[in-house]
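The next block is upload_14.csv, given as CSV, C-alpha atoms.
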chain,number,residue,atom,x,y,z
C,303,MET,CA,-55.0,130.2,-104.4
C,304,THR,CA,-53.9,131.2,-100.9
C,305,ALA,CA,-54.4,134.7,-99.5
C,306,THR,CA,-51.3,136.9,-99.2
C,307,ASN,CA,-52.4,137.9,-95.8
C,308,ALA,CA,-53.7,135.1,-93.6
C,309,ALA,CA,-55.7,137.6,-91.5
C,310,ALA,CA,-57.4,139.2,-94.5
C,311,TYR,CA,-60.4,137.8,-96.2
C,312,VAL,CA,-61.1,140.8,-98.5
C,313,GLU,CA,-58.0,142.6,-99.8
C,314,VAL,CA,-58.2,145.8,-101.8
C,315,GLN,CA,-54.8,146.9,-103.0
C,316,GLY,CA,-54.0,150.2,-104.8
C,317,LEU,CA,-57.5,150.6,-106.2
C,318,VAL,CA,-57.7,153.3,-108.9
C,319,LYS,CA,-60.8,154.2,-110.9
C,320,TRP,CA,-61.2,157.0,-113.4
C,321,PHE,CA,-64.4,158.4,-114.8
C,322,GLY,CA,-63.2,160.5,-117.7
C,323,ALA,CA,-60.8,163.1,-116.2
C,324,ASP,CA,-62.2,162.5,-112.7
C,325,ARG,CA,-60.1,160.2,-110.5
C,326,ALA,CA,-63.0,158.8,-108.4
C,327,VAL,CA,-60.9,156.4,-106.4
C,328,ASP,CA,-57.3,157.3,-105.8
C,329,ASP,CA,-55.0,154.5,-104.6
C,330,VAL,CA,-57.3,152.9,-102.0
C,331,SER,CA,-56.0,149.9,-100.0
C,332,PHE,CA,-57.6,148.1,-97.1
C,333,ASN,CA,-58.2,144.6,-95.8
C,334,VAL,CA,-61.3,143.1,-94.1
C,335,SER,CA,-61.1,140.1,-91.7
C,336,LYS,CA,-63.4,137.2,-92.2
C,337,GLY,CA,-66.8,137.8,-90.5
C,338,ASN,CA,-66.2,141.5,-89.9
C,339,PHE,CA,-68.6,144.3,-90.6
C,340,VAL,CA,-66.6,147.3,-92.2
C,341,THR,CA,-68.2,150.6,-93.2
C,342,LEU,CA,-67.0,152.9,-96.0
C,343,LEU,CA,-68.1,156.3,-94.7
C,344,GLY,CA,-68.0,159.7,-96.4
C,345,PRO,CA,-70.0,162.4,-98.2
C,346,SER,CA,-71.4,162.0,-101.8
C,347,GLY,CA,-68.6,161.9,-104.3
C,348,CYS,CA,-66.0,160.6,-101.9
C,349,GLY,CA,-65.5,157.3,-103.8
C,350,LYS,CA,-67.2,154.9,-101.3
C,351,THR,CA,-69.8,153.6,-103.7
C,352,THR,CA,-67.4,153.3,-106.6
C,353,THR,CA,-65.1,151.2,-104.3
C,354,LEU,CA,-68.1,149.0,-103.4
C,355,MET,CA,-69.2,148.5,-107.0
C,356,SER,CA,-65.6,147.7,-108.0
C,357,ILE,CA,-65.6,144.9,-105.4
C,358,ALA,CA,-68.9,143.7,-106.8
C,359,GLY,CA,-67.6,143.7,-110.3
C,360,LEU,CA,-70.1,146.3,-111.5
C,361,HIS,CA,-67.3,148.6,-112.3
C,362,SER,CA,-64.0,147.7,-114.0
C,363,ILE,CA,-60.9,149.3,-112.4
C,364,ASP,CA,-57.9,151.1,-113.9
C,365,ALA,CA,-55.3,149.9,-111.5
C,366,GLY,CA,-54.9,147.7,-108.4
C,367,GLN,CA,-56.2,144.4,-107.3
C,368,ILE,CA,-59.3,143.0,-105.5
C,369,ARG,CA,-59.0,139.6,-103.8
C,370,VAL,CA,-61.7,137.7,-101.7
C,371,GLY,CA,-61.0,134.6,-99.8
C,372,GLY,CA,-57.6,134.2,-101.6
C,373,MET,CA,-59.2,134.4,-105.0
C,374,ILE,CA,-58.4,137.3,-107.3
C,375,TYR,CA,-61.5,139.0,-108.6
C,376,THR,CA,-60.0,141.9,-110.4
C,377,ALA,CA,-56.4,142.6,-111.5
C,378,PRO,CA,-56.2,144.7,-114.7
C,379,LYS,CA,-52.4,144.5,-114.8
C,380,ASN,CA,-52.7,140.7,-115.2
C,381,GLY,CA,-55.8,140.9,-117.4
C,382,ILE,CA,-58.1,139.3,-114.7
C,383,PHE,CA,-61.7,140.3,-114.3
C,384,MET,CA,-64.2,137.8,-112.8
C,385,PRO,CA,-67.8,138.5,-114.0
C,386,PRO,CA,-70.1,139.8,-111.2
C,387,GLU,CA,-72.3,136.7,-111.4
C,388,LYS,CA,-69.3,134.4,-110.6
C,389,ARG,CA,-68.2,136.4,-107.5
C,390,ASP,CA,-70.6,134.8,-105.1
C,391,ILE,CA,-71.6,138.2,-103.6
C,392,GLY,CA,-74.9,139.2,-102.0
C,393,MET,CA,-75.9,142.8,-102.4
C,394,VAL,CA,-78.5,145.0,-100.7
C,395,PHE,CA,-79.2,148.3,-102.4
C,396,GLN,CA,-80.8,151.6,-101.5
C,397,SER,CA,-83.8,150.6,-103.6
C,398,TYR,CA,-85.2,147.3,-102.4
C,399,ALA,CA,-85.2,145.8,-105.9
C,400,ILE,CA,-87.7,143.1,-105.1
C,401,TRP,CA,-90.2,141.9,-107.6
C,402,PRO,CA,-93.8,143.2,-106.9
C,403,HIS,CA,-95.5,140.3,-108.8
C,404,MET,CA,-93.9,137.7,-106.5
C,405,THR,CA,-94.6,136.7,-103.0
C,406,VAL,CA,-92.0,137.3,-100.3
C,407,ALA,CA,-91.0,133.6,-100.4
C,408,GLN,CA,-90.7,133.6,-104.2
C,409,ASN,CA,-88.5,136.7,-104.0
C,410,VAL,CA,-86.2,135.1,-101.5
C,411,ALA,CA,-86.1,131.8,-103.3
C,412,TYR,CA,-85.1,133.2,-106.7
C,413,PRO,CA,-81.3,133.1,-106.2
C,414,LEU,CA,-81.6,129.5,-105.3
C,415,GLU,CA,-83.9,128.6,-108.2
C,416,ILE,CA,-81.5,130.0,-110.8
C,417,ARG,CA,-78.8,127.8,-109.3
C,418,GLY,CA,-80.9,124.8,-109.9
C,419,MET,CA,-81.1,123.8,-106.2
C,420,PRO,CA,-83.6,121.0,-105.3
C,421,GLN,CA,-87.0,122.3,-104.2
C,422,PRO,CA,-87.0,120.8,-100.7
C,423,GLU,CA,-83.6,122.5,-99.9
C,424,ILE,CA,-85.0,125.8,-101.4
C,425,ASP,CA,-88.0,125.6,-99.1
C,426,SER,CA,-85.9,124.8,-96.1
C,427,ARG,CA,-83.4,127.7,-96.7
C,428,VAL,CA,-86.2,130.2,-97.4
C,429,ALA,CA,-88.0,129.3,-94.2
C,430,ASP,CA,-84.9,129.6,-92.2
C,431,VAL,CA,-83.9,132.9,-93.5
C,432,LEU,CA,-87.4,134.4,-93.3
C,433,ARG,CA,-87.4,133.4,-89.6
C,434,LEU,CA,-84.0,135.1,-89.1
C,435,VAL,CA,-85.2,138.4,-90.6
C,436,GLY,CA,-88.6,138.3,-88.8
C,437,LEU,CA,-90.8,137.7,-91.9
C,438,ALA,CA,-91.9,134.1,-91.5
C,439,GLU,CA,-95.5,135.1,-91.2
C,440,MET,CA,-95.2,137.3,-94.4
C,441,ALA,CA,-94.0,134.5,-96.7
C,442,ALA,CA,-97.2,134.2,-98.8
C,443,LYS,CA,-97.8,138.0,-99.1
C,444,LEU,CA,-97.0,140.0,-102.2
C,445,ALA,CA,-93.9,142.2,-101.9
C,446,THR,CA,-96.2,145.3,-102.5
C,447,GLN,CA,-98.1,144.4,-99.3
C,448,LEU,CA,-95.0,145.0,-97.1
C,449,SER,CA,-93.9,148.2,-95.4
C,450,GLY,CA,-90.6,149.8,-96.3
C,451,GLY,CA,-88.8,148.2,-93.4
C,452,GLN,CA,-90.3,144.8,-94.3
C,453,GLN,CA,-89.3,145.1,-97.9
C,454,GLN,CA,-85.7,145.9,-96.8
C,455,ARG,CA,-85.7,142.8,-94.7
C,456,ALA,CA,-86.9,140.8,-97.7
C,457,ALA,CA,-84.1,142.2,-99.8
C,458,LEU,CA,-81.6,141.2,-97.1
C,459,ALA,CA,-83.1,137.7,-96.9
C,460,ARG,CA,-82.7,137.3,-100.6
C,461,ALA,CA,-79.1,138.5,-100.4
C,462,ILE,CA,-78.1,136.0,-97.7
C,463,VAL,CA,-80.2,133.0,-98.6
C,464,SER,CA,-77.5,131.6,-100.9
C,465,ARG,CA,-74.9,132.0,-98.2
C,466,PRO,CA,-72.5,134.2,-100.3
C,467,ARG,CA,-68.8,134.7,-99.7
C,468,LEU,CA,-69.3,138.4,-99.2
C,469,LEU,CA,-72.2,140.8,-98.4
C,470,LEU,CA,-72.2,144.3,-99.8
C,471,PHE,CA,-74.6,147.1,-98.7
C,472,ASP,CA,-75.1,150.3,-100.7
C,473,GLU,CA,-76.9,152.8,-98.4
C,474,PRO,CA,-79.7,150.3,-97.7
C,475,LEU,CA,-81.5,152.4,-95.0
C,476,SER,CA,-81.6,155.8,-96.6
C,477,ASN,CA,-85.2,155.5,-97.9
C,478,LEU,CA,-86.5,154.7,-94.4
C,479,ASP,CA,-87.9,157.2,-91.9
C,480,LEU,CA,-85.7,158.1,-88.9
C,481,LYS,CA,-87.3,155.8,-86.3
C,482,LEU,CA,-87.4,152.8,-88.6
C,483,ARG,CA,-83.8,153.5,-89.7
C,484,GLU,CA,-82.7,153.4,-86.1
C,485,GLN,CA,-84.4,150.1,-85.6
C,486,MET,CA,-83.0,148.6,-88.7
C,487,ARG,CA,-79.4,149.5,-87.8
C,488,VAL,CA,-79.6,147.2,-84.8
C,489,GLU,CA,-81.4,144.5,-86.7
C,490,LEU,CA,-79.0,144.5,-89.6
C,491,LYS,CA,-76.0,144.2,-87.3
C,492,ARG,CA,-77.8,141.4,-85.3
C,493,ILE,CA,-78.5,139.4,-88.4
C,494,GLN,CA,-75.0,139.9,-89.8
C,495,ASN,CA,-73.6,138.6,-86.5
C,496,GLU,CA,-75.8,135.6,-86.5
C,497,VAL,CA,-75.1,134.7,-90.2
C,498,GLY,CA,-71.4,135.6,-89.9
C,499,ILE,CA,-71.0,136.8,-93.5
C,500,THR,CA,-68.1,139.2,-94.1
C,501,SER,CA,-69.8,142.5,-94.9
C,502,ILE,CA,-68.9,145.9,-96.4
C,503,TYR,CA,-71.4,148.7,-95.9
C,504,VAL,CA,-71.5,152.1,-97.6
C,505,THR,CA,-73.2,155.1,-96.0
C,506,HIS,CA,-72.9,158.9,-95.5
C,507,ASP,CA,-74.7,158.5,-92.1
C,508,GLN,CA,-72.2,158.8,-89.2
C,509,ALA,CA,-74.6,157.4,-86.7
C,510,GLU,CA,-75.2,154.3,-88.8
C,511,ALA,CA,-71.4,153.7,-89.1
C,512,LEU,CA,-70.8,154.2,-85.4
C,513,VAL,CA,-73.7,151.8,-84.3
C,514,MET,CA,-73.1,149.0,-86.8
C,515,SER,CA,-69.4,148.7,-87.6
C,516,ASP,CA,-66.5,146.6,-86.4
C,517,GLU,CA,-64.3,149.1,-88.3
C,518,ILE,CA,-64.9,152.3,-90.1
C,519,ILE,CA,-63.0,153.6,-93.2
C,520,VAL,CA,-63.5,157.4,-93.6
C,521,MET,CA,-63.1,158.6,-97.2
C,522,SER,CA,-62.8,162.0,-98.9
C,523,LYS,CA,-62.1,162.8,-102.5
C,524,GLY,CA,-61.3,159.3,-103.5
C,525,ARG,CA,-58.8,158.6,-100.7
C,526,ILE,CA,-58.9,157.0,-97.2
C,527,GLN,CA,-58.5,159.6,-94.4
C,528,GLN,CA,-58.6,157.2,-91.5
C,529,ARG,CA,-59.5,153.6,-90.6
C,530,GLY,CA,-60.3,152.4,-87.1
C,531,THR,CA,-62.9,151.1,-84.7
C,532,PRO,CA,-65.9,153.4,-84.1
C,533,HIS,CA,-64.4,154.5,-80.7
C,534,GLU,CA,-61.0,155.3,-82.3
C,535,ILE,CA,-62.5,157.3,-85.2
C,536,TYR,CA,-64.6,159.3,-82.8
C,537,ALA,CA,-62.2,159.8,-79.9
C,538,ARG,CA,-58.9,160.0,-81.8
C,539,PRO,CA,-59.5,161.5,-85.3
C,540,VAL,CA,-56.2,162.0,-87.2
C,541,ASN,CA,-57.2,165.3,-88.9
C,542,ALA,CA,-59.7,168.1,-88.9
C,543,TYR,CA,-61.7,166.5,-91.7
C,544,VAL,CA,-62.4,163.4,-89.7
C,545,SER,CA,-63.0,165.4,-86.5
C,546,ASN,CA,-65.7,167.5,-88.3
C,547,PHE,CA,-67.3,164.7,-90.3
C,548,ILE,CA,-67.7,162.3,-87.4
C,549,GLY,CA,-70.1,164.0,-85.0
C,550,VAL,CA,-69.5,167.6,-84.0
C,551,ALA,CA,-66.2,169.2,-82.9
C,552,ASN,CA,-64.8,172.5,-81.8
C,553,LEU,CA,-61.9,173.2,-84.1
C,554,LEU,CA,-59.3,176.0,-83.6
C,555,LYS,CA,-56.2,176.5,-85.7
C,556,GLY,CA,-52.9,176.7,-83.8
C,557,ARG,CA,-49.3,175.7,-83.7
C,558,ILE,CA,-47.6,172.9,-81.7
C,559,VAL,CA,-45.2,174.2,-79.2
C,560,ALA,CA,-44.2,171.0,-77.4
C,561,VAL,CA,-44.4,167.3,-78.1
C,562,ASN,CA,-43.7,165.1,-75.0
C,563,GLY,CA,-43.7,161.4,-74.5
C,564,GLY,CA,-46.8,159.3,-74.6
C,565,GLY,CA,-48.4,161.3,-77.4
C,566,ARG,CA,-48.9,164.4,-75.3
C,567,GLY,CA,-47.9,168.0,-75.8
C,568,LYS,CA,-49.1,171.6,-76.1
C,569,ILE,CA,-50.7,173.6,-78.8
C,570,GLU,CA,-50.7,177.4,-78.9
C,571,ILE,CA,-53.8,179.3,-80.0
C,572,ALA,CA,-54.0,183.0,-80.9
C,573,GLN,CA,-57.2,184.5,-79.5
C,574,ASN,CA,-58.3,187.8,-77.9
C,575,GLY,CA,-54.9,189.3,-78.7
C,576,LYS,CA,-53.1,186.7,-76.6
C,577,GLN,CA,-51.1,183.5,-77.3
C,578,LEU,CA,-52.7,180.8,-75.2
C,579,GLN,CA,-51.3,177.3,-74.7
C,580,PHE,CA,-53.4,174.2,-74.1
C,581,PRO,CA,-52.1,170.8,-72.9
C,582,CYS,CA,-53.4,168.1,-75.3
C,583,LEU,CA,-53.0,164.8,-76.9
C,584,ILE,CA,-51.0,164.9,-80.2
C,585,ALA,CA,-52.1,162.9,-83.2
C,586,ALA,CA,-49.6,160.7,-84.9
C,587,GLY,CA,-47.2,162.4,-87.3
C,588,ILE,CA,-47.3,165.9,-85.7
C,589,ARG,CA,-44.1,167.5,-84.5
C,590,ALA,CA,-43.2,170.6,-82.6
C,591,GLY,CA,-43.5,173.7,-84.8
C,592,ASP,CA,-46.2,172.2,-87.0
C,593,GLU,CA,-49.4,173.9,-87.7
C,594,ALA,CA,-52.3,171.9,-86.3
C,595,VAL,CA,-56.0,172.1,-85.3
C,596,LEU,CA,-57.2,171.8,-81.7
C,597,SER,CA,-60.2,169.4,-81.7
C,598,VAL,CA,-62.6,169.1,-78.7
C,599,ARG,CA,-66.0,167.4,-78.7
C,600,PRO,CA,-68.9,169.5,-77.2
C,601,GLU,CA,-69.5,166.9,-74.5
C,602,ASN,CA,-65.9,167.2,-73.4
C,603,VAL,CA,-66.1,171.0,-72.7
C,604,GLN,CA,-67.0,171.7,-69.1
C,605,ALA,CA,-69.0,174.9,-68.5
C,606,ARG,CA,-68.6,176.3,-65.0
C,607,ARG,CA,-70.0,179.3,-63.2
C,608,ASP,CA,-66.7,179.9,-61.4
C,609,ASN,CA,-63.1,180.0,-62.7
C,610,GLY,CA,-62.1,177.0,-60.7
C,611,ASP,CA,-58.3,176.7,-61.0
C,612,GLY,CA,-58.0,180.1,-62.8
C,613,ARG,CA,-57.1,178.5,-66.1
C,614,CYS,CA,-60.6,178.4,-67.6
C,615,LEU,CA,-61.8,180.4,-70.7
C,616,GLU,CA,-64.3,183.1,-69.8
C,617,GLY,CA,-67.2,183.3,-72.2
C,618,GLU,CA,-70.9,184.3,-72.6
C,619,VAL,CA,-73.8,182.0,-73.4
C,620,LEU,CA,-75.3,183.0,-76.7
C,621,GLN,CA,-77.8,180.2,-77.0
C,622,ALA,CA,-79.1,177.4,-74.7
C,623,ILE,CA,-81.4,174.8,-76.2
C,624,PHE,CA,-83.0,172.2,-73.9
C,625,LEU,CA,-82.8,168.7,-75.5
C,626,GLY,CA,-84.1,166.7,-72.6
C,627,ASN,CA,-81.1,164.8,-71.4
C,628,CYS,CA,-78.7,167.7,-72.1
C,629,VAL,CA,-78.6,171.4,-73.0
C,630,ASP,CA,-76.9,172.4,-76.3
C,631,CYS,CA,-75.1,175.7,-75.7
C,632,ARG,CA,-73.2,178.1,-77.9
C,633,VAL,CA,-70.6,180.1,-75.9
C,634,ARG,CA,-68.8,183.1,-77.3
C,635,TRP,CA,-65.1,183.4,-76.4
C,636,GLY,CA,-63.5,186.3,-78.2
C,637,ASP,CA,-64.0,185.6,-82.0
C,638,PHE,CA,-64.8,181.9,-81.5
C,639,GLU,CA,-68.1,180.3,-80.7
C,640,TRP,CA,-67.8,177.1,-78.6
C,641,LYS,CA,-70.3,174.2,-79.0
C,642,VAL,CA,-70.9,172.8,-75.5
C,643,LEU,CA,-73.2,170.1,-74.1
C,644,THR,CA,-74.1,170.6,-70.5
C,645,HIS,CA,-76.4,168.8,-67.9
C,646,PRO,CA,-79.8,170.4,-67.5
C,647,ARG,CA,-79.1,170.9,-63.8
C,648,GLY,CA,-76.6,173.6,-64.8
C,649,ARG,CA,-79.6,175.8,-65.8
C,650,LEU,CA,-77.5,177.9,-68.2
C,651,SER,CA,-79.4,180.7,-70.0
C,652,LYS,CA,-78.6,183.2,-72.8
C,653,GLY,CA,-76.4,186.0,-71.5
C,654,ASP,CA,-74.9,184.0,-68.6
C,655,LYS,CA,-71.2,184.3,-67.9
C,656,VAL,CA,-69.5,180.9,-67.9
C,657,TYR,CA,-66.0,179.5,-67.6
C,658,LEU,CA,-64.9,176.7,-70.0
C,659,HIS,CA,-62.6,174.0,-68.8
C,660,LEU,CA,-60.8,171.7,-71.3
C,661,ASP,CA,-59.6,168.3,-70.1
C,662,PRO,CA,-56.2,167.5,-71.6
C,663,GLU,CA,-57.2,163.8,-71.9
C,664,HIS,CA,-60.0,164.8,-74.2
C,665,THR,CA,-58.3,167.7,-76.1
C,666,LEU,CA,-56.6,166.6,-79.3
C,667,ALA,CA,-54.2,168.3,-81.7
C,668,VAL,CA,-54.8,166.9,-85.2
C,669,GLN,CA,-53.6,167.5,-88.7
C,670,PRO,CA,-55.2,170.5,-90.5
Re-express the file's structure as structure tokens.
Amino acid sequence: MTATNAAAYVEVQGLVKWFGADRAVDDVSFNVSKGNFVTLLGPSGCGKTTTLMSIAGLHSIDAGQIRVGGMIYTAPKNGIFMPPEKRDIGMVFQSYAIWPHMTVAQNVAYPLEIRGMPQPEIDSRVADVLRLVGLAEMAAKLATQLSGGQQQRAALARAIVSRPRLLLFDEPLSNLDLKLREQMRVELKRIQNEVGITSIYVTHDQAEALVMSDEIIVMSKGRIQQRGTPHEIYARPVNAYVSNFIGVANLLKGRIVAVNGGGRGKIEIAQNGKQLQFPCLIAAGIRAGDEAVLSVRPENVQARRDNGDGRCLEGEVLQAIFLGNCVDCRVRWGDFEWKVLTHPRGRLSKGDKVYLHLDPEHTLAVQP
């Protein structure tokens, strides 16, 4: 069979999955290009893991179609459901799922042994993949003698040793401590790049998604909210949910009073008994007169000690926490509390009067 979209290696079309009266996945569609690393990102219950398990064949689906490399894996309308063991998919789970009574090499070799591969080829592949994940010297050790990070590397080696068509990750780093998790993010992405296996990764951790992904799909309540590169998702969120879920944002409700060419315009905010207008970028689909939300990242708010051009917002520093490379400030402006990141040289302290400047190129009006 040939793929319906030459650029797409994985195609998920109109995926619907019910659990009783709960519609866990609600008409989800996306494609993944061959060799790409795509992350499904969202909070618990958003449908990301159900989507992943549906691709793996560990869940049946109620509607839609899943196709990988031009081959239909699942299509209930046509009575098609390929069993999981025939999908040629590697999986890495939150729990390492490696056998404690086996050595590292035996754990990694297992998928090849059940395929009946000749022993010399098994030995060669296992040695190659253990070198790739940095466990060559651990091959003869029992799995229980490995650290958590090493066990996760062993689980990854076992998933890729058979060179599957697709690699799926279900929150594989969530059991590791913070420092090790940060190291493994980089290592996982390096290994995936070297192997070149198309990968879909599930996480609720925004930092993981930003560091590792070629593309991010943000999900909420069973639906896709936005899809894009890490930079697009962070810098140009389409709605208040994505703004608030990816990183931190200052969000103020307002109304669009002008939409100009080039995706620019003005939003009007009611504050301190006044109607204030802010030049801003306008997210797609928003028109003049629409209700919208002003979204500004803390690092894009400039805190000054003077009013500069006279168009700054006067506020009072409520809190200033030194974080080494920056100072995390809270600044009261009328009824609103701005989150602001400033340089330590600014030496802002609690009680200081400051003037906040918003750059129109980093101020965005998004869907509520």
Write out as a PyMOL selection string the residues lying within 12 Å of Ala407 (chain C), counting all atoms listed in the file and excluding same-chain residues fewer than 2 positions away. chain C and resi 400-405+409-415+424-433+437-445+453+456-457+459-460+463
Residue with smallest distance to Glu517 (chain C) - pool C:Ile493, C:Cys348, C:Ile535, C:Ile416, counting only C-alpha atoms: C:Ile535
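For the set C:Gln485, C:Ser515, C:Gln621, C:Ser597, the residue with the smallest atom-to-atom gap to Ile569 (chain C) is C:Ser597, counting only C-alpha atoms.
All residues of protein, DNA or RNA that reach within 10 Å of region 632-637 of chain C, judged by all atoms listed in the file and not counting those fewer than 3 positions away in the chain, are Gln573, Asn574, Gly575, Pro600, Ala605, Leu615, Glu616, Gly617, Glu618, Val619, Leu620, Gln621, Ala622, Ile623, Val629, Trp640, Lys641, Val642, Leu643, Lys652, Gly653, Asp654, Lys655, Val656, Tyr657 and Leu658 of chain C.
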CA of Phe321 (chain C) to CA of Ala365 (chain C), straight-line distance in Å: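 Answer for the CA of Ala365 (chain C) to CA of Phe321 (chain C) separation: 12.9 Å.
When the distance limit is 7 Å and all atoms listed in the file are what count, the residues near region 547-561 of chain C, minus those fewer than 5 positions from it on the same chain, are Gln508, Tyr536, Arg566, Gly567, Lys568, Ile569, Glu570, Ile571, Arg589, Ala590, Gly591, Asp592, Glu593, Ala594, Val595, Leu596, Ser597, Val598, Arg599, Pro600, Trp640 and Lys641 of chain C.
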Find the residue from C:Ile368, C:Ile588, C:Leu354, C:Leu458 that sits nearest to Val504 (chain C); use all atoms listed in the file when measuring. C:Leu354
Of the candidates C:Gln604, C:Gln528, C:Thr500, C:Lys491, which one gets nearest to Asn541 (chain C) if we count only C-alpha atoms?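 For Asn541 (chain C), the nearest of the candidates is C:Gln528.
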Could you please give me, as a PyMOL selection string, the residues of protein, DNA or RNA lying at most 10 Å from (-89.1, 148.7, -95.1) in the coordinate frame of the file, considering all atoms listed in the file? chain C and resi 398+448-457+474-475+477-479+482-483+486
Report as a PyMOL selection string all protein, DNA and RNA residues lying within 7 Å of region 341-347 of chain C, evaluated on all atoms listed in the file, omitting residues in the same chain fewer than 3 positions from it. chain C and resi 350+502-506+511+515+517-523
Applying 7 Å and all atoms listed in the file, which residues near Val330 (chain C) remain after dropping the ones on its own chain fewer than 3 positions away? List them as a list in words. Gln315, Gly316, Leu317, Val318, Val327, Arg525 and Ile526 of chain C
Where atoms are lacking, region 401-414 of chain C completed to N, CA and C atoms, as a PDB file, keeping the file's coordinate frame:
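Ended up saving to result04.pdb:
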ATOM      1  N   TRP C 401     -89.260 142.005-106.564  1.00  0.00           N
ATOM      2  CA  TRP C 401     -90.200 141.900-107.600  1.00  0.00           C
ATOM      3  C   TRP C 401     -91.665 142.010-107.066  1.00  0.00           C
ATOM      4  N   PRO C 402     -92.452 142.997-107.517  1.00  0.00           N
ATOM      5  CA  PRO C 402     -93.800 143.200-106.900  1.00  0.00           C
ATOM      6  C   PRO C 402     -94.784 142.112-107.271  1.00  0.00           C
ATOM      7  N   HIS C 403     -94.572 141.358-108.363  1.00  0.00           N
ATOM      8  CA  HIS C 403     -95.500 140.300-108.800  1.00  0.00           C
ATOM      9  C   HIS C 403     -95.285 139.000-108.059  1.00  0.00           C
ATOM     10  N   MET C 404     -94.211 138.936-107.234  1.00  0.00           N
ATOM     11  CA  MET C 404     -93.900 137.700-106.500  1.00  0.00           C
ATOM     12  C   MET C 404     -94.208 137.846-105.041  1.00  0.00           C
ATOM     13  N   THR C 405     -94.448 136.691-104.408  1.00  0.00           N
ATOM     14  CA  THR C 405     -94.600 136.700-103.000  1.00  0.00           C
ATOM     15  C   THR C 405     -93.218 136.901-102.313  1.00  0.00           C
ATOM     16  N   VAL C 406     -93.229 137.133-101.007  1.00  0.00           N
ATOM     17  CA  VAL C 406     -92.000 137.300-100.300  1.00  0.00           C
ATOM     18  C   VAL C 406     -91.126 136.031-100.429  1.00  0.00           C
ATOM     19  N   ALA C 407     -91.740 134.866-100.248  1.00  0.00           N
ATOM     20  CA  ALA C 407     -91.000 133.600-100.400  1.00  0.00           C
ATOM     21  C   ALA C 407     -90.422 133.422-101.752  1.00  0.00           C
ATOM     22  N   GLN C 408     -91.187 133.783-102.781  1.00  0.00           N
ATOM     23  CA  GLN C 408     -90.700 133.600-104.200  1.00  0.00           C
ATOM     24  C   GLN C 408     -89.525 134.575-104.428  1.00  0.00           C
ATOM     25  N   ASN C 409     -89.606 135.783-103.898  1.00  0.00           N
ATOM     26  CA  ASN C 409     -88.500 136.700-104.000  1.00  0.00           C
ATOM     27  C   ASN C 409     -87.217 136.158-103.427  1.00  0.00           C
ATOM     28  N   VAL C 410     -87.349 135.631-102.219  1.00  0.00           N
ATOM     29  CA  VAL C 410     -86.200 135.100-101.500  1.00  0.00           C
ATOM     30  C   VAL C 410     -85.646 133.861-102.153  1.00  0.00           C
ATOM     31  N   ALA C 411     -86.541 133.045-102.704  1.00  0.00           N
ATOM     32  CA  ALA C 411     -86.100 131.800-103.300  1.00  0.00           C
ATOM     33  C   ALA C 411     -85.413 131.947-104.643  1.00  0.00           C
ATOM     34  N   TYR C 412     -85.614 133.072-105.296  1.00  0.00           N
ATOM     35  CA  TYR C 412     -85.100 133.200-106.700  1.00  0.00           C
ATOM     36  C   TYR C 412     -83.645 132.927-106.855  1.00  0.00           C
ATOM     37  N   PRO C 413     -82.740 133.436-106.001  1.00  0.00           N
ATOM     38  CA  PRO C 413     -81.300 133.100-106.200  1.00  0.00           C
ATOM     39  C   PRO C 413     -80.997 131.646-106.146  1.00  0.00           C
ATOM     40  N   LEU C 414     -81.784 130.902-105.370  1.00  0.00           N
ATOM     41  CA  LEU C 414     -81.600 129.500-105.300  1.00  0.00           C
ATOM     42  C   LEU C 414     -82.120 128.731-106.476  1.00  0.00           C
TER      43      LEU C 414
END
